[in-house]
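What follows is a short report on a single structure.
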Amino acid sequence: MFITFVFFLWPSWQALEQSFFLEDAFGFSKKFVFFDNYLELFSDDGYRKSFYTTFIFTTLVVFFTMVIGLLFATAANRIINSSLVYRTPLILPYAVAPAVCGVLWYFLLNPSVGIIAYWLSMFDVDWNHYVNGGQAMILVVTASIWRQISYTFLFFLAGLHSIPKSLIEAAAIDGSGPFKRFWTITFPLLSPTTFFLLVINLVYAFFDTFGVIHATTDGGPAQDTSILVYKVYNTGFIGQDYGSSASQSVILMAIVIFLTFVQFKYVERKVVY
């Protein structure tokens, strides 16, 4: 409770309080402006664009992280011989910090020296994420997915191990094929794990991907990869507008709390424990 108060409740209250003030860059003076910071935000085209960017980015990261993680877990679960050899490399990316992950993919897809960019040029793909917003989005989405797949893979694999093999064997004896067994038995029994990972990956996409974006695109080009959490940093630490940055953080926190509430209220109803 003490840690929760110091590192969550107290900073959250300070951000909420600061969002109603206009402060100078050094924090020596401040003026109470009530909801002006919020009204100014929603009249800013760049901030409204960041909502759309965040929606696209979060959807792609969560969807492909879940799908690829489940695919890898299913494949690893079917391997009997040398299974540890396959599982260990799949876990390693989670040990990489988001900023390091961003730098890694930045060099792989660098238009001048990147090996993947070179391979793409052999297929007449002119890769340059410095000027192409779509390619920049692909870069940050790919890096974010690559880093989070390991976490998703671990939990899906643990969930698959908890499913009684007798159920799968009984369905196989009844004549059900691999795909039918997966969709009618395995995947429904994985619903608690899937729901948990959906919540975790959503929070990850909203917050923990900041390091990836900061190390690769800095929100560019033309703010095409500037999601809400990066917008908070850019406004506060670069633009020195602390009141606007605080109001953005309050809005971001409210969005994540609302989405988490919706998931627990409606999505969890379909979970079979």
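Scheme for the structure tokens: letters A, B, ... for chains in order shown; per-chain residue numbers from 1; ligand numbers from 1 in order shown.
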**Prompt:** Contacts of Asp241 in chain A at 9 Å or less, counting only C-alpha atoms, minus same-chain residues fewer than 6 places along, as a PyMOL selection string?
**Reply:** chain A and resi 22-25+235
Kindly assemble as CSV a list of the range 159-245 of chain A residues that lie within 12 Å of range 6-20 of chain A, each paired with its nearest atom pair and their distance in Å to one decimal, using only C-alpha atoms, sorted first by chain and then by ascending residue number.
residue,atom,partner,partner_atom,distance
A:Val232,CA,A:Ala15,CA,11.4
A:Gly236,CA,A:Ser19,CA,11.5
A:Asp241,CA,A:Ser19,CA,10.3
A:Tyr242,CA,A:Gln18,CA,7.5
A:Gly243,CA,A:Ser19,CA,4.8
A:Ser244,CA,A:Ser19,CA,6.4
A:Ser245,CA,A:Ser19,CA,7.5
**Request:** Determine which residues of range 84-170 of chain A DSSP labels as alpha helix (DSSP H) from the backbone of this structure, then write them out as a ChimeraX atom specification.
**Result:** /A:84-91,98-108,115-121,133-162,165-170
Just C-alpha atoms for this one: save the residues we selected as a PDB file, in the first residue's frame.
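In the end it all went to again.pdb:
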ATOM      1  CA  LEU A  84      13.924 -26.398 -24.483  1.00  0.00           C
ATOM      2  CA  VAL A  85      16.029 -25.484 -27.518  1.00  0.00           C
ATOM      3  CA  TYR A  86      12.975 -23.914 -29.160  1.00  0.00           C
ATOM      4  CA  ARG A  87      11.541 -22.248 -26.077  1.00  0.00           C
ATOM      5  CA  THR A  88      14.676 -20.506 -24.804  1.00  0.00           C
ATOM      6  CA  PRO A  89      15.302 -18.263 -27.882  1.00  0.00           C
ATOM      7  CA  LEU A  90      11.611 -17.292 -27.903  1.00  0.00           C
ATOM      8  CA  ILE A  91      11.897 -16.004 -24.324  1.00  0.00           C
ATOM      9  CA  PRO A  98      12.274  -1.222 -24.940  1.00  0.00           C
ATOM     10  CA  ALA A  99      14.836   1.459 -25.844  1.00  0.00           C
ATOM     11  CA  VAL A 100      17.436  -1.183 -26.784  1.00  0.00           C
ATOM     12  CA  CYS A 101      14.778  -3.008 -28.791  1.00  0.00           C
ATOM     13  CA  GLY A 102      14.046   0.225 -30.654  1.00  0.00           C
ATOM     14  CA  VAL A 103      17.727   0.828 -31.413  1.00  0.00           C
ATOM     15  CA  LEU A 104      18.097  -2.752 -32.667  1.00  0.00           C
ATOM     16  CA  TRP A 105      15.262  -2.439 -35.152  1.00  0.00           C
ATOM     17  CA  TYR A 106      16.362   1.104 -36.030  1.00  0.00           C
ATOM     18  CA  PHE A 107      19.665  -0.291 -37.318  1.00  0.00           C
ATOM     19  CA  LEU A 108      18.050  -3.286 -39.000  1.00  0.00           C
ATOM     20  CA  ILE A 115      20.309  -5.300 -43.552  1.00  0.00           C
ATOM     21  CA  ILE A 116      16.514  -5.621 -43.762  1.00  0.00           C
ATOM     22  CA  ALA A 117      16.296  -2.342 -45.695  1.00  0.00           C
ATOM     23  CA  TYR A 118      18.902  -3.769 -48.085  1.00  0.00           C
ATOM     24  CA  TRP A 119      16.870  -6.944 -48.556  1.00  0.00           C
ATOM     25  CA  LEU A 120      13.765  -4.856 -49.238  1.00  0.00           C
ATOM     26  CA  SER A 121      15.636  -2.855 -51.881  1.00  0.00           C
ATOM     27  CA  GLY A 133       4.945   7.879 -42.132  1.00  0.00           C
ATOM     28  CA  GLY A 134       3.505   4.462 -42.991  1.00  0.00           C
ATOM     29  CA  GLN A 135       6.942   2.855 -42.951  1.00  0.00           C
ATOM     30  CA  ALA A 136       7.759   4.576 -39.660  1.00  0.00           C
ATOM     31  CA  MET A 137       4.584   3.092 -38.166  1.00  0.00           C
ATOM     32  CA  ILE A 138       5.585  -0.360 -39.432  1.00  0.00           C
ATOM     33  CA  LEU A 139       8.982   0.077 -37.768  1.00  0.00           C
ATOM     34  CA  VAL A 140       7.664   0.964 -34.302  1.00  0.00           C
ATOM     35  CA  VAL A 141       4.871  -1.630 -34.476  1.00  0.00           C
ATOM     36  CA  THR A 142       7.304  -4.388 -35.486  1.00  0.00           C
ATOM     37  CA  ALA A 143       9.781  -3.485 -32.742  1.00  0.00           C
ATOM     38  CA  SER A 144       7.020  -3.317 -30.111  1.00  0.00           C
ATOM     39  CA  ILE A 145       5.545  -6.662 -31.179  1.00  0.00           C
ATOM     40  CA  TRP A 146       8.946  -8.377 -31.266  1.00  0.00           C
ATOM     41  CA  ARG A 147       9.707  -7.313 -27.723  1.00  0.00           C
ATOM     42  CA  GLN A 148       6.327  -8.363 -26.241  1.00  0.00           C
ATOM     43  CA  ILE A 149       5.868 -11.690 -28.032  1.00  0.00           C
ATOM     44  CA  SER A 150       8.034 -13.484 -25.446  1.00  0.00           C
ATOM     45  CA  TYR A 151       5.807 -12.435 -22.547  1.00  0.00           C
ATOM     46  CA  THR A 152       2.678 -13.521 -24.396  1.00  0.00           C
ATOM     47  CA  PHE A 153       4.328 -16.762 -25.478  1.00  0.00           C
ATOM     48  CA  LEU A 154       5.244 -17.685 -21.887  1.00  0.00           C
ATOM     49  CA  PHE A 155       1.711 -17.302 -20.546  1.00  0.00           C
ATOM     50  CA  PHE A 156       0.069 -19.048 -23.493  1.00  0.00           C
ATOM     51  CA  LEU A 157       2.518 -21.933 -23.153  1.00  0.00           C
ATOM     52  CA  ALA A 158       1.765 -22.222 -19.427  1.00  0.00           C
ATOM     53  CA  GLY A 159      -1.953 -22.179 -20.242  1.00  0.00           C
ATOM     54  CA  LEU A 160      -1.545 -24.933 -22.808  1.00  0.00           C
ATOM     55  CA  HIS A 161       0.335 -27.071 -20.292  1.00  0.00           C
ATOM     56  CA  SER A 162      -2.551 -26.737 -17.823  1.00  0.00           C
ATOM     57  CA  LYS A 165      -4.403 -34.039 -22.340  1.00  0.00           C
ATOM     58  CA  SER A 166      -7.265 -36.468 -21.797  1.00  0.00           C
ATOM     59  CA  LEU A 167      -9.687 -33.929 -23.303  1.00  0.00           C
ATOM     60  CA  ILE A 168      -7.586 -33.536 -26.440  1.00  0.00           C
ATOM     61  CA  GLU A 169      -7.119 -37.288 -26.773  1.00  0.00           C
ATOM     62  CA  ALA A 170     -10.857 -37.923 -26.345  1.00  0.00           C
TER      63      ALA A 170
END
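Here CA of Ile200 in chain A and CA of Phe2 in chain A stand 23.1 Å from one another.
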**Request:** Mind checking which residues fall within 12 Å of Phe206 in chain A, counting only C-alpha atoms, ignoring those fewer than 2 positions away in the same chain, and posting them as a PyMOL selection string?
**Result:** chain A and resi 50-51+53-62+144+199-204+208-213+226-232+249+252-257+259-260
**Prompt:** A:Thr186, A:Thr74, A:Ser112, A:Ser247: which is nearest His129 in chain A, counting only C-alpha atoms?
**Reply:** A:Ser112
